[in-house]
>>> print(open('start_0.pdb').read())   # PDB, C-alpha atoms and all ligand atoms
ATOM      1  CA  GLY C   1     -18.028  -5.075  14.536
ATOM      2  CA  PHE C   2     -15.528  -2.627  13.106
ATOM      3  CA  ALA C   3     -13.246  -0.495  15.310
ATOM      4  CA  TYR C   4     -10.527   1.942  14.242
ATOM      5  CA  ASP C   5      -8.232   0.769  17.049
ATOM      6  CA  ARG C   6      -8.509  -2.932  16.198
ATOM      7  CA  TYR C   7      -7.429  -5.316  13.443
ATOM      8  CA  ASN C   8     -10.690  -6.008  11.617
ATOM      9  CA  SER C   9     -11.995  -8.726   9.346
ATOM     10  CA  LEU C  10     -12.344  -7.947   5.636
ATOM     11  CA  ASP C  11     -16.095  -8.137   6.018
ATOM     12  CA  ASP C  12     -16.084  -5.528   8.811
ATOM     13  CA  ILE C  13     -13.763  -3.273   6.754
ATOM     14  CA  HIS C  14     -16.122  -3.452   3.767
ATOM     15  CA  LYS C  15     -19.140  -2.793   6.012
ATOM     16  CA  GLU C  16     -17.385   0.262   7.459
ATOM     17  CA  LEU C  17     -16.605   1.604   3.971
ATOM     18  CA  LYS C  18     -20.284   1.202   3.064
ATOM     19  CA  ARG C  19     -21.321   2.945   6.276
ATOM     20  CA  LEU C  20     -18.991   5.859   5.477
ATOM     21  CA  LYS C  21     -20.605   6.161   2.071
ATOM     22  CA  ARG C  22     -24.103   6.109   3.570
ATOM     23  CA  GLU C  23     -23.177   8.807   6.105
ATOM     24  CA  ASN C  24     -21.193  11.000   3.661
ATOM     25  CA  PRO C  25     -22.717  10.458   0.217
ATOM     26  CA  ASP C  26     -21.298  13.739  -1.128
ATOM     27  CA  MET C  27     -17.694  12.893  -0.199
ATOM     28  CA  VAL C  28     -17.512   9.143  -0.678
ATOM     29  CA  THR C  29     -17.740   6.915  -3.743
ATOM     30  CA  LEU C  30     -17.092   3.176  -3.613
ATOM     31  CA  ILE C  31     -15.561   1.557  -6.684
ATOM     32  CA  ASP C  32     -15.312  -2.179  -7.242
ATOM     33  CA  ILE C  33     -12.071  -2.465  -9.243
ATOM     34  CA  GLY C  34     -12.046  -6.242  -9.572
ATOM     35  CA  GLU C  35     -12.051  -9.542  -7.744
ATOM     36  CA  SER C  36      -9.433 -11.709  -6.079
ATOM     37  CA  HIS C  37      -8.751 -15.370  -6.930
ATOM     38  CA  GLU C  38     -11.319 -16.400  -4.320
ATOM     39  CA  ASN C  39     -13.818 -13.837  -5.668
ATOM     40  CA  ARG C  40     -13.517 -11.260  -2.934
ATOM     41  CA  THR C  41     -14.193  -7.673  -4.019
ATOM     42  CA  LEU C  42     -11.283  -5.264  -4.389
ATOM     43  CA  LEU C  43     -13.145  -2.326  -2.881
ATOM     44  CA  LEU C  44     -11.685   1.120  -3.506
ATOM     45  CA  ILE C  45     -12.924   4.248  -1.743
ATOM     46  CA  LYS C  46     -12.760   7.609  -3.504
ATOM     47  CA  LEU C  47     -12.801  10.668  -1.244
ATOM     48  CA  THR C  48     -13.082  14.252  -2.319
ATOM     49  CA  GLY C  49     -14.341  17.552  -0.930
ATOM     50  CA  ARG C  50     -17.743  18.936  -1.810
ATOM     51  CA  ARG C  51     -16.148  21.824  -3.648
ATOM     52  CA  ASN C  52     -13.365  20.302  -5.672
ATOM     53  CA  PRO C  53     -12.662  23.097  -8.157
ATOM     54  CA  MET C  54     -10.138  21.051 -10.068
ATOM     55  CA  GLY C  55     -12.794  18.521 -11.006
ATOM     56  CA  GLY C  56     -10.581  15.556 -10.355
ATOM     57  CA  LYS C  57      -7.433  16.773 -12.041
ATOM     58  CA  VAL C  58      -5.150  15.986  -9.107
ATOM     59  CA  SER C  59      -5.295  12.645  -7.377
ATOM     60  CA  MET C  60      -3.486  10.533  -4.843
ATOM     61  CA  TRP C  61      -3.515   6.724  -4.590
ATOM     62  CA  ILE C  62      -2.987   4.822  -1.349
ATOM     63  CA  ASP C  63      -3.106   1.029  -1.143
ATOM     64  CA  ALA C  64      -2.486  -1.302   1.770
ATOM     65  CA  GLY C  65      -2.496  -4.977   2.538
ATOM     66  CA  ILE C  66      -0.666  -6.169  -0.588
ATOM     67  CA  HIS C  67       1.131  -8.454   1.889
ATOM     68  CA  ALA C  68      -1.329 -10.472   3.955
ATOM     69  CA  ARG C  69       0.387 -10.486   7.363
ATOM     70  CA  GLU C  70       1.134  -6.737   7.475
ATOM     71  CA  TRP C  71      -2.083  -5.953   9.343
ATOM     72  CA  ILE C  72      -1.078  -2.460  10.438
ATOM     73  CA  ALA C  73      -1.214  -1.352   6.786
ATOM     74  CA  PRO C  74      -4.982  -1.823   6.214
ATOM     75  CA  ALA C  75      -5.609  -0.465   9.724
ATOM     76  CA  THR C  76      -3.600   2.665   8.876
ATOM     77  CA  ALA C  77      -5.389   3.092   5.539
ATOM     78  CA  MET C  78      -8.714   3.001   7.411
ATOM     79  CA  ASN C  79      -7.466   5.599   9.888
ATOM     80  CA  ILE C  80      -6.364   7.865   7.032
ATOM     81  CA  ILE C  81      -9.853   7.565   5.517
ATOM     82  CA  LYS C  82     -11.434   8.452   8.871
ATOM     83  CA  GLU C  83      -9.127  11.459   9.360
ATOM     84  CA  LEU C  84      -9.889  12.818   5.889
ATOM     85  CA  ILE C  85     -13.661  12.526   6.353
ATOM     86  CA  THR C  86     -13.904  13.840   9.919
ATOM     87  CA  GLY C  87     -11.250  16.510   9.280
ATOM     88  CA  TYR C  88     -13.158  17.962   6.335
ATOM     89  CA  GLU C  89     -15.723  19.673   8.576
ATOM     90  CA  LYS C  90     -13.440  20.869  11.376
ATOM     91  CA  ASP C  91      -9.939  21.375   9.943
ATOM     92  CA  PRO C  92      -9.365  24.004   7.211
ATOM     93  CA  THR C  93      -6.091  22.320   6.170
ATOM     94  CA  ILE C  94      -7.846  19.045   5.437
ATOM     95  CA  GLN C  95     -10.743  20.859   3.815
ATOM     96  CA  LYS C  96      -8.286  22.469   1.404
ATOM     97  CA  LEU C  97      -6.629  19.159   0.587
ATOM     98  CA  MET C  98      -9.982  17.432   0.023
ATOM     99  CA  ASP C  99     -11.211  20.297  -2.140
ATOM    100  CA  HIS C 100      -8.175  19.996  -4.422
ATOM    101  CA  ILE C 101      -7.373  16.300  -4.455
ATOM    102  CA  GLU C 102      -9.230  13.100  -5.168
ATOM    103  CA  PHE C 103      -8.000  10.406  -2.784
ATOM    104  CA  TYR C 104      -8.263   6.821  -4.021
ATOM    105  CA  ILE C 105      -7.679   4.389  -1.176
ATOM    106  CA  LEU C 106      -7.635   0.583  -1.447
ATOM    107  CA  PRO C 107      -7.394  -0.637   2.178
ATOM    108  CA  VAL C 108      -6.973  -4.339   1.345
ATOM    109  CA  MET C 109      -5.289  -5.130  -1.962
ATOM    110  CA  ASN C 110      -4.839  -8.824  -1.095
ATOM    111  CA  PRO C 111      -8.142  -9.809   0.556
ATOM    112  CA  ASP C 112      -7.692 -13.601   0.178
ATOM    113  CA  GLY C 113      -4.276 -13.473   1.827
ATOM    114  CA  TYR C 114      -5.556 -11.158   4.563
ATOM    115  CA  GLU C 115      -8.355 -13.520   5.537
ATOM    116  CA  TYR C 116      -5.988 -16.510   5.294
ATOM    117  CA  SER C 117      -3.598 -14.721   7.647
ATOM    118  CA  ARG C 118      -6.456 -14.025  10.072
ATOM    119  CA  LEU C 119      -7.930 -17.531  10.033
ATOM    120  CA  LYS C 120      -5.274 -20.073   9.014
ATOM    121  CA  ASN C 121      -1.675 -18.861   9.066
ATOM    122  CA  ARG C 122      -0.799 -15.536  10.718
ATOM    123  CA  MET C 123       2.526 -15.331   8.813
ATOM    124  CA  TRP C 124       1.027 -15.678   5.300
ATOM    125  CA  ARG C 125       2.430 -13.081   2.861
ATOM    126  CA  LYS C 126       1.294 -13.890  -0.690
ATOM    127  CA  ASN C 127      -2.096 -13.975  -2.370
ATOM    128  CA  ARG C 128      -4.029 -17.259  -2.609
ATOM    129  CA  ARG C 129      -3.439 -18.253  -6.244
ATOM    130  CA  PRO C 130      -4.439 -21.940  -6.353
ATOM    131  CA  ALA C 131      -1.562 -24.347  -5.847
ATOM    132  CA  THR C 132       0.830 -25.008  -8.696
ATOM    133  CA  CYS C 133       2.272 -28.522  -8.539
ATOM    134  CA  ARG C 134       5.536 -29.840  -9.806
ATOM    135  CA  ARG C 135       7.090 -33.270  -9.926
ATOM    136  CA  ARG C 136      10.012 -33.811  -7.599
ATOM    137  CA  HIS C 137      10.966 -37.459  -7.533
ATOM    138  CA  PHE C 138       9.277 -40.597  -8.780
ATOM    139  CA  HIS C 139       5.727 -40.620  -7.300
ATOM    140  CA  SER C 140       6.258 -37.320  -5.490
ATOM    141  CA  THR C 141       4.775 -33.926  -6.277
ATOM    142  CA  LEU C 142       5.019 -30.646  -4.423
ATOM    143  CA  CYS C 143       2.144 -28.164  -4.574
ATOM    144  CA  CYS C 144       2.326 -24.577  -3.328
ATOM    145  CA  ALA C 145      -0.162 -21.700  -3.397
ATOM    146  CA  GLY C 146       0.298 -17.975  -3.690
ATOM    147  CA  VAL C 147       2.155 -15.269  -5.587
ATOM    148  CA  ASP C 148       3.985 -12.366  -3.959
ATOM    149  CA  LEU C 149       1.981  -9.484  -5.446
ATOM    150  CA  ASN C 150       4.861  -7.099  -4.765
ATOM    151  CA  ARG C 151       7.004  -9.110  -7.206
ATOM    152  CA  ASN C 152       4.272  -9.347  -9.840
ATOM    153  CA  PHE C 153       4.365  -5.829 -11.333
ATOM    154  CA  ASP C 154       6.066  -5.134 -14.624
ATOM    155  CA  TRP C 155       9.273  -3.498 -13.497
ATOM    156  CA  PHE C 156      12.337  -5.615 -14.241
ATOM    157  CA  TRP C 157      10.004  -8.512 -13.473
ATOM    158  CA  GLY C 158      11.777 -11.650 -12.275
ATOM    159  CA  SER C 159      15.245 -10.104 -12.340
ATOM    160  CA  ALA C 160      16.293  -9.723  -8.693
ATOM    161  CA  GLY C 161      15.043 -10.617  -5.236
ATOM    162  CA  ALA C 162      12.175 -12.652  -6.661
ATOM    163  CA  SER C 163      11.796 -16.391  -7.027
ATOM    164  CA  ASN C 164      10.419 -18.536  -9.866
ATOM    165  CA  ASP C 165       9.626 -21.263  -7.349
ATOM    166  CA  PRO C 166       5.898 -21.268  -6.423
ATOM    167  CA  CYS C 167       6.832 -22.535  -2.969
ATOM    168  CA  HIS C 168       8.970 -19.485  -2.219
ATOM    169  CA  GLU C 169       7.739 -16.454  -0.247
ATOM    170  CA  THR C 170       8.789 -14.108  -3.050
ATOM    171  CA  TYR C 171       7.392 -16.099  -5.995
ATOM    172  CA  GLY C 172       6.715 -13.484  -8.693
ATOM    173  CA  GLY C 173       4.124 -15.509 -10.609
ATOM    174  CA  PRO C 174       4.323 -17.137 -14.063
ATOM    175  CA  GLN C 175       4.563 -13.683 -15.677
ATOM    176  CA  SER C 176       4.085 -10.040 -14.724
ATOM    177  CA  PHE C 177       0.484  -9.093 -13.933
ATOM    178  CA  SER C 178      -0.567 -12.740 -13.883
ATOM    179  CA  GLU C 179      -2.712 -12.131 -10.779
ATOM    180  CA  PRO C 180      -6.247 -10.699 -10.648
ATOM    181  CA  GLU C 181      -5.299  -8.385  -7.766
ATOM    182  CA  SER C 182      -2.295  -6.775  -9.493
ATOM    183  CA  MET C 183      -4.147  -6.669 -12.847
ATOM    184  CA  ALA C 184      -7.056  -4.789 -11.286
ATOM    185  CA  VAL C 185      -4.733  -2.218  -9.720
ATOM    186  CA  ARG C 186      -2.795  -1.815 -12.987
ATOM    187  CA  ASP C 187      -5.968  -1.364 -15.056
ATOM    188  CA  PHE C 188      -7.387   1.215 -12.668
ATOM    189  CA  LEU C 189      -4.156   3.208 -12.423
ATOM    190  CA  GLU C 190      -3.580   3.224 -16.176
ATOM    191  CA  GLU C 191      -7.016   4.828 -16.576
ATOM    192  CA  ASN C 192      -6.720   7.110 -13.543
ATOM    193  CA  THR C 193      -3.045   7.916 -13.178
ATOM    194  CA  PRO C 194      -2.438   9.836  -9.942
ATOM    195  CA  GLN C 195       0.230  12.425  -9.076
ATOM    196  CA  ALA C 196       1.171  10.466  -5.961
ATOM    197  CA  PHE C 197       1.196   6.718  -5.343
ATOM    198  CA  ILE C 198       1.718   5.391  -1.825
ATOM    199  CA  THR C 199       1.723   1.721  -0.885
ATOM    200  CA  LEU C 200       1.585   0.799   2.806
ATOM    201  CA  HIS C 201       3.574  -2.149   4.205
ATOM    202  CA  SER C 202       5.193  -3.160   7.464
ATOM    203  CA  TYR C 203       7.614  -3.301   9.077
ATOM    204  CA  SER C 204      10.878  -1.364   9.707
ATOM    205  CA  GLN C 205       9.968   2.335   9.656
ATOM    206  CA  MET C 206      11.322   3.179   6.239
ATOM    207  CA  TRP C 207      10.055   5.604   3.612
ATOM    208  CA  LEU C 208      11.184   3.936   0.398
ATOM    209  CA  ILE C 209      11.743   5.701  -2.886
ATOM    210  CA  PRO C 210      12.116   4.031  -6.314
ATOM    211  CA  TYR C 211      14.007   2.102  -7.539
ATOM    212  CA  GLY C 212      14.250  -1.072  -5.518
ATOM    213  CA  HIS C 213      15.254  -3.551  -8.200
ATOM    214  CA  ARG C 214      18.936  -2.638  -8.167
ATOM    215  CA  LYS C 215      21.337  -0.848  -5.801
ATOM    216  CA  ARG C 216      22.216   2.752  -6.686
ATOM    217  CA  SER C 217      19.447   3.050  -9.272
ATOM    218  CA  TYR C 218      17.411   6.252  -9.069
ATOM    219  CA  PRO C 219      14.830   8.097 -11.133
ATOM    220  CA  GLN C 220      16.126  11.370 -12.587
ATOM    221  CA  ASP C 221      14.185  13.500 -10.069
ATOM    222  CA  PHE C 222      15.273  11.455  -7.039
ATOM    223  CA  HIS C 223      17.482  14.181  -5.599
ATOM    224  CA  THR C 224      15.425  17.155  -6.742
ATOM    225  CA  ALA C 225      11.893  15.999  -5.901
ATOM    226  CA  LEU C 226      11.291  12.503  -4.482
ATOM    227  CA  ARG C 227      13.881  12.505  -1.708
ATOM    228  CA  PRO C 228      13.315  16.084  -0.483
ATOM    229  CA  LEU C 229       9.562  15.458  -0.179
ATOM    230  CA  ALA C 230      10.188  12.141   1.607
ATOM    231  CA  LEU C 231      12.456  13.929   4.091
ATOM    232  CA  ARG C 232       9.806  16.585   4.772
ATOM    233  CA  ALA C 233       7.109  13.929   5.183
ATOM    234  CA  THR C 234       9.140  11.826   7.626
ATOM    235  CA  LYS C 235      10.088  14.965   9.570
ATOM    236  CA  ALA C 236       6.389  15.771  10.052
ATOM    237  CA  LEU C 237       5.826  12.157  11.084
ATOM    238  CA  TYR C 238       8.725  12.339  13.581
ATOM    239  CA  GLU C 239       7.389  15.516  15.152
ATOM    240  CA  VAL C 240       4.222  13.775  16.376
ATOM    241  CA  TYR C 241       5.680  11.061  18.657
ATOM    242  CA  GLY C 242       9.394  10.937  17.799
ATOM    243  CA  THR C 243       9.089   7.895  15.522
ATOM    244  CA  LYS C 244      12.197   7.678  13.323
ATOM    245  CA  TYR C 245      12.061   6.698   9.661
ATOM    246  CA  GLN C 246      14.922   6.033   7.265
ATOM    247  CA  VAL C 247      14.627   7.434   3.751
ATOM    248  CA  GLY C 248      16.118   5.828   0.637
ATOM    249  CA  THR C 249      15.551   3.135  -1.951
ATOM    250  CA  GLY C 250      14.575  -0.374  -0.899
ATOM    251  CA  ALA C 251      17.613  -1.740  -2.712
ATOM    252  CA  ASP C 252      20.037   0.564  -0.884
ATOM    253  CA  LEU C 253      18.439   0.251   2.576
ATOM    254  CA  MET C 254      17.186  -3.371   2.511
ATOM    255  CA  TYR C 255      17.700  -5.689  -0.462
ATOM    256  CA  GLU C 256      17.179  -5.704  -4.217
ATOM    257  CA  ALA C 257      13.651  -6.713  -5.265
ATOM    258  CA  SER C 258      12.121  -6.512  -8.738
ATOM    259  CA  GLY C 259       8.458  -6.322  -9.737
ATOM    260  CA  GLY C 260       7.427  -3.930  -6.959
ATOM    261  CA  SER C 261       4.345  -1.772  -7.381
ATOM    262  CA  HIS C 262       5.952   1.560  -6.427
ATOM    263  CA  ASP C 263       8.821   1.007  -8.874
ATOM    264  CA  TRP C 264       6.280   0.236 -11.603
ATOM    265  CA  ALA C 265       4.207   3.313 -10.683
ATOM    266  CA  LYS C 266       7.239   5.570 -11.079
ATOM    267  CA  GLY C 267       9.088   3.819 -13.901
ATOM    268  CA  GLN C 268       6.221   2.747 -16.162
ATOM    269  CA  LEU C 269       3.285   4.938 -15.211
ATOM    270  CA  ASN C 270       5.362   8.068 -14.601
ATOM    271  CA  VAL C 271       3.612   8.911 -11.350
ATOM    272  CA  PRO C 272       5.628  11.891 -10.073
ATOM    273  CA  TYR C 273       5.689  10.851  -6.397
ATOM    274  CA  ALA C 274       5.746   7.093  -5.814
ATOM    275  CA  TYR C 275       6.639   5.688  -2.398
ATOM    276  CA  LEU C 276       6.518   2.495  -0.346
ATOM    277  CA  ILE C 277       6.101   3.030   3.386
ATOM    278  CA  GLU C 278       7.249   0.362   5.824
ATOM    279  CA  LEU C 279       5.217   1.228   8.931
ATOM    280  CA  ARG C 280       5.873   0.397  12.604
ATOM    281  CA  PRO C 281       7.584  -1.313  14.300
ATOM    282  CA  LYS C 282      11.305  -0.731  13.754
ATOM    283  CA  ASN C 283      12.379  -4.307  14.399
ATOM    284  CA  SER C 284      11.193  -7.760  15.316
ATOM    285  CA  LEU C 285      12.535  -7.863  18.876
ATOM    286  CA  MET C 286      10.564  -5.596  21.215
ATOM    287  CA  GLY C 287       8.379  -4.361  18.385
ATOM    288  CA  HIS C 288       7.033  -7.822  17.519
ATOM    289  CA  GLY C 289       7.663  -7.416  13.770
ATOM    290  CA  PHE C 290       4.458  -8.128  11.906
ATOM    291  CA  LEU C 291       2.640  -8.643  15.221
ATOM    292  CA  LEU C 292       2.313  -4.978  16.132
ATOM    293  CA  PRO C 293       0.039  -4.702  19.197
ATOM    294  CA  GLU C 294      -3.377  -3.186  18.586
ATOM    295  CA  ARG C 295      -2.648  -0.417  21.082
ATOM    296  CA  GLU C 296      -0.209   1.090  18.543
ATOM    297  CA  ILE C 297      -2.805   1.341  15.764
ATOM    298  CA  PRO C 298      -4.110   4.852  16.628
ATOM    299  CA  ALA C 299      -0.653   6.464  16.983
ATOM    300  CA  THR C 300       0.561   4.824  13.776
ATOM    301  CA  GLY C 301      -2.498   6.217  12.029
ATOM    302  CA  ILE C 302      -2.025   9.746  13.365
ATOM    303  CA  GLU C 303       1.705  10.036  12.620
ATOM    304  CA  THR C 304       1.370   8.478   9.161
ATOM    305  CA  PHE C 305      -1.482  10.837   8.347
ATOM    306  CA  GLU C 306       0.790  13.809   9.140
ATOM    307  CA  ALA C 307       3.253  12.520   6.529
ATOM    308  CA  ILE C 308       0.496  11.907   3.978
ATOM    309  CA  LYS C 309      -0.658  15.517   4.470
ATOM    310  CA  VAL C 310       2.815  16.771   3.526
ATOM    311  CA  VAL C 311       2.666  14.824   0.251
ATOM    312  CA  ALA C 312      -0.893  16.014  -0.418
ATOM    313  CA  ASP C 313       0.117  19.601   0.301
ATOM    314  CA  GLU C 314       2.893  19.332  -2.256
ATOM    315  CA  LEU C 315       0.402  18.114  -4.864
ATOM    316  CA  VAL C 316      -1.790  21.149  -4.197
ATOM    317  CA  ALA C 317       1.223  23.455  -4.511
ATOM    318  CA  GLN C 318       2.607  21.831  -7.633
ATOM    319  CA  PHE C 319      -0.317  20.598  -9.746
TER
HETATM  320  O1  LIG R 401       9.941  -7.129   0.095
HETATM  321  C1  LIG R 401       9.037  -6.309  -0.072
HETATM  322  O2  LIG R 401       8.169  -6.407  -0.925
HETATM  323  C2  LIG R 401       8.984  -5.070   0.840
HETATM  324  N1  LIG R 401       9.280  -5.409   2.194
HETATM  325  S1  LIG R 401       8.198  -6.284   3.073
HETATM  326  O3  LIG R 401       8.813  -6.656   4.336
HETATM  327  N2  LIG R 401       6.962  -5.349   3.438
HETATM  328  O4  LIG R 401       7.761  -7.401   2.304
HETATM  329  C3  LIG R 401      10.042  -4.080   0.422
HETATM  330  C4  LIG R 401      10.126  -3.812  -1.032
HETATM  331  C5  LIG R 401      10.923  -2.582  -1.257
HETATM  332  N3  LIG R 401      11.879  -2.743  -2.283
HETATM  333  C6  LIG R 401      13.094  -3.297  -2.056
HETATM  334  N4  LIG R 401      13.462  -3.660  -0.870
HETATM  335  N5  LIG R 401      13.895  -3.420  -3.068
HETATM  336 ZN    ZN R 402       5.161  -5.863   2.585
END
>>> encode(input="start_0.pdb", output="structure tokens")
Amino acid sequence: GFAYDRYNSLDDIHKELKRLKRENPDMVTLIDIGESHENRTLLLIKLTGRRNPMGGKVSMWIDAGIHAREWIAPATAMNIIKELITGYEKDPTIQKLMDHIEFYILPVMNPDGYEYSRLKNRMWRKNRRPATCRRRHFHSTLCCAGVDLNRNFDWFWGSAGASNDPCHETYGGPQSFSEPESMAVRDFLEENTPQAFITLHSYSQMWLIPYGHRKRSYPQDFHTALRPLALRATKALYEVYGTKYQVGTGADLMYEASGGSHDWAKGQLNVPYAYLIELRPKNSLMGHGFLLPEREIPATGIETFEAIKVVADELVAQF
């Protein structure tokens, strides 16, 4: 069964979300925002306090598991959900946040890839779009499955750090929003545009700010709003266990990559605060890269939640 300190199957995650709804019907709503290629449900949980005076005016989006092998991301999303629900009764700070903000959390944005990574290939990254085949030589074809969903959003789609080769790890798809998973997220967010958008990845302990498609490319409020809030959030995170995060754009700190969801959220949707968080570990040597040990799940959840609270607090103050 499901455990908050384990990496869980999609089925156990969905069962836990349904249990949370059963136990907290006044705080929890489950929304089916679409289906994956292999017809798995994209199950979104909406959390809000019993006395939300704003009536849903301010909202925050958190998704995880857009990349299949980054298991700590769905696990952290689940821990954030648990902290918000249990904190509502016993922690006035969380009660205030929940009474002002609607939290929309999608713990597994790429359910087909997640299950494939659990059962077939631990290092799978993309979704499971059925194989596209192309002719190579006489009598030889090459077929490859999957689109990198974090290259499939409509922000300088296909321009940098993405491949048009279906066999590549960063294949961006035949066009932007070609995939059911990214389409479902787009359609929901266009109808319910939040004030903060956070997408959880791993690894490298970085709090990434738009834009990532080109070096030295920043939204106009980068220095006045996005970066200062990111610095406050990562400071709160650091104060829990001393975990260090770098803050900057993905293009400046890592590499250029177009078609990312956080860039799209900021650039096209005009979400004020859009971030991509690369969770633990820092590196692939001692920290095991994508293979973060289960014993680090609880601490990752707690420290990340402290950072999320800083962002949520800012939404309450500002909107
Ligand atoms: O490549 C990605 O999609 C993200 N890294 S990951 O290892 N989780 O796959 C980072 C995207 C952030 N943007 C840029 N680096 N430009
Ligand atoms: Zn990722």
>>> closest_residue(input="start_0.pdb", among="C:Ala131, C:Ile72, C:Met183, C:Val108", to="C:Tyr203", atoms="all atoms listed in the file")
C:Ile72
>>> residues_near_ligand(input="start_0.pdb", ligand="ligand ZN 402 (chain R)", cutoff="12 Å", atoms="only C-alpha atoms and all ligand atoms", output="tab-separated table (two decimals) with C-alpha atoms, in the coordinates of the input")
chain	number	residue	atom	x	y	z
C	63	ASP	CA	-3.11	1.03	-1.14
C	64	ALA	CA	-2.49	-1.30	1.77
C	65	GLY	CA	-2.50	-4.98	2.54
C	66	ILE	CA	-0.67	-6.17	-0.59
C	67	HIS	CA	1.13	-8.45	1.89
C	68	ALA	CA	-1.33	-10.47	3.96
C	69	ARG	CA	0.39	-10.49	7.36
C	70	GLU	CA	1.13	-6.74	7.48
C	71	TRP	CA	-2.08	-5.95	9.34
C	72	ILE	CA	-1.08	-2.46	10.44
C	73	ALA	CA	-1.21	-1.35	6.79
C	74	PRO	CA	-4.98	-1.82	6.21
C	109	MET	CA	-5.29	-5.13	-1.96
C	110	ASN	CA	-4.84	-8.82	-1.10
C	123	MET	CA	2.53	-15.33	8.81
C	124	TRP	CA	1.03	-15.68	5.30
C	125	ARG	CA	2.43	-13.08	2.86
C	126	LYS	CA	1.29	-13.89	-0.69
C	127	ASN	CA	-2.10	-13.98	-2.37
C	148	ASP	CA	3.98	-12.37	-3.96
C	149	LEU	CA	1.98	-9.48	-5.45
C	150	ASN	CA	4.86	-7.10	-4.76
C	151	ARG	CA	7.00	-9.11	-7.21
C	169	GLU	CA	7.74	-16.45	-0.25
C	170	THR	CA	8.79	-14.11	-3.05
C	199	THR	CA	1.72	1.72	-0.88
C	200	LEU	CA	1.58	0.80	2.81
C	201	HIS	CA	3.57	-2.15	4.20
C	202	SER	CA	5.19	-3.16	7.46
C	203	TYR	CA	7.61	-3.30	9.08
C	204	SER	CA	10.88	-1.36	9.71
C	205	GLN	CA	9.97	2.34	9.66
C	206	MET	CA	11.32	3.18	6.24
C	208	LEU	CA	11.18	3.94	0.40
C	250	GLY	CA	14.58	-0.37	-0.90
C	257	ALA	CA	13.65	-6.71	-5.26
C	260	GLY	CA	7.43	-3.93	-6.96
C	261	SER	CA	4.34	-1.77	-7.38
C	262	HIS	CA	5.95	1.56	-6.43
C	276	LEU	CA	6.52	2.50	-0.35
C	277	ILE	CA	6.10	3.03	3.39
C	278	GLU	CA	7.25	0.36	5.82
C	279	LEU	CA	5.22	1.23	8.93
C	280	ARG	CA	5.87	0.40	12.60
C	289	GLY	CA	7.66	-7.42	13.77
C	290	PHE	CA	4.46	-8.13	11.91
>>> resolve_selection(input="start_0.pdb", expression="the PyMOL selection byres (((chain C and resi 7) around 10) and not hetatm)", output="PyMOL selection string")
chain C and resi 2-6+8-10+12-13+71-76+118+293-294+297
>>> axis_aligned_box(input="start_0.pdb", around="ligand LIG 401 (chain R)", padding_each_side="3 Å", output="AutoDock Vina command-line options")
--center_x 10.4 --center_y -5.0 --center_z 0.6 --size_x 12.9 --size_y 10.8 --size_z 13.4
>>> closest_atom_pairs(input="start_0.pdb", of="stretch 68-182 of chain C", to="stretch 186-194 of chain C", cutoff="9 Å", atoms="only C-alpha atoms", output="JSON lines")
{"residue": "C:Glu102", "atom": "CA", "partner": "C:Pro194", "partner_atom": "CA", "distance": 8.9}
{"residue": "C:Tyr104", "atom": "CA", "partner": "C:Pro194", "partner_atom": "CA", "distance": 8.8}
{"residue": "C:Phe153", "atom": "CA", "partner": "C:Arg186", "partner_atom": "CA", "distance": 8.4}
{"residue": "C:Phe177", "atom": "CA", "partner": "C:Arg186", "partner_atom": "CA", "distance": 8.0}
{"residue": "C:Glu181", "atom": "CA", "partner": "C:Arg186", "partner_atom": "CA", "distance": 8.8}
{"residue": "C:Ser182", "atom": "CA", "partner": "C:Arg186", "partner_atom": "CA", "distance": 6.1}
>>> closest_residue(input="start_0.pdb", among="C:Ile94, C:Tyr211, C:Gly49, C:Asp112", to="C:Gly259", atoms="all atoms listed in the file")
C:Tyr211
>>> residues_around(input="start_0.pdb", residues="C:Ser217", least_positions_apart="4", cutoff="9 Å", atoms="only C-alpha atoms", output="list in words")
Pro210, Tyr211, Gly212, His213, Thr249, Ala251 and Asp252 of chain C
>>> write_last_selection(input="start_0.pdb", atoms="C-alpha atoms", output="PDB file, keeping the file's coordinate frame")
ATOM      1  CA  PRO C 210      12.116   4.031  -6.314  1.00  0.00           C
ATOM      2  CA  TYR C 211      14.007   2.102  -7.539  1.00  0.00           C
ATOM      3  CA  GLY C 212      14.250  -1.072  -5.518  1.00  0.00           C
ATOM      4  CA  HIS C 213      15.254  -3.551  -8.200  1.00  0.00           C
ATOM      5  CA  THR C 249      15.551   3.135  -1.951  1.00  0.00           C
ATOM      6  CA  ALA C 251      17.613  -1.740  -2.712  1.00  0.00           C
ATOM      7  CA  ASP C 252      20.037   0.564  -0.884  1.00  0.00           C
TER       8      ASP C 252
END
>>> closest_residue(input="start_0.pdb", among="C:Met78, C:Ala162, C:Leu292, C:Leu30", to="ligand LIG 401 (chain R)", atoms="only C-alpha atoms and all ligand atoms")
C:Ala162
>>> resolve_selection(input="start_0.pdb", expression="the PyMOL selection byres (((chain C and resi 50) around 9) and not hetatm)", output="list in words")
Asp26, Met27, Thr48, Gly49, Arg51, Asn52, Met98 and Asp99 of chain C
>>> closest_residue(input="start_0.pdb", among="C:Ala77, C:Ala233, C:Ile101, C:Leu42", to="C:Ala307", atoms="all atoms listed in the file")
C:Ala233
>>> atom_distance(input="start_0.pdb", atom1="atom CA of C:Lys90", atom2="atom CA of C:Lys244")
28.9 Å
>>> atom_distance(input="start_0.pdb", atom1="atom CA of C:Pro25", atom2="atom CA of C:Ala317")
27.6 Å
>>> atom_distance(input="start_0.pdb", atom1="atom O1 of ligand LIG 401 (chain R)", atom2="atom CA of C:Ser163")
11.8 Å
>>> closest_residue(input="start_0.pdb", among="C:Leu44, C:Cys144, C:Ala274, C:Ile198", to="C:Phe305", atoms="all atoms listed in the file")
C:Ile198
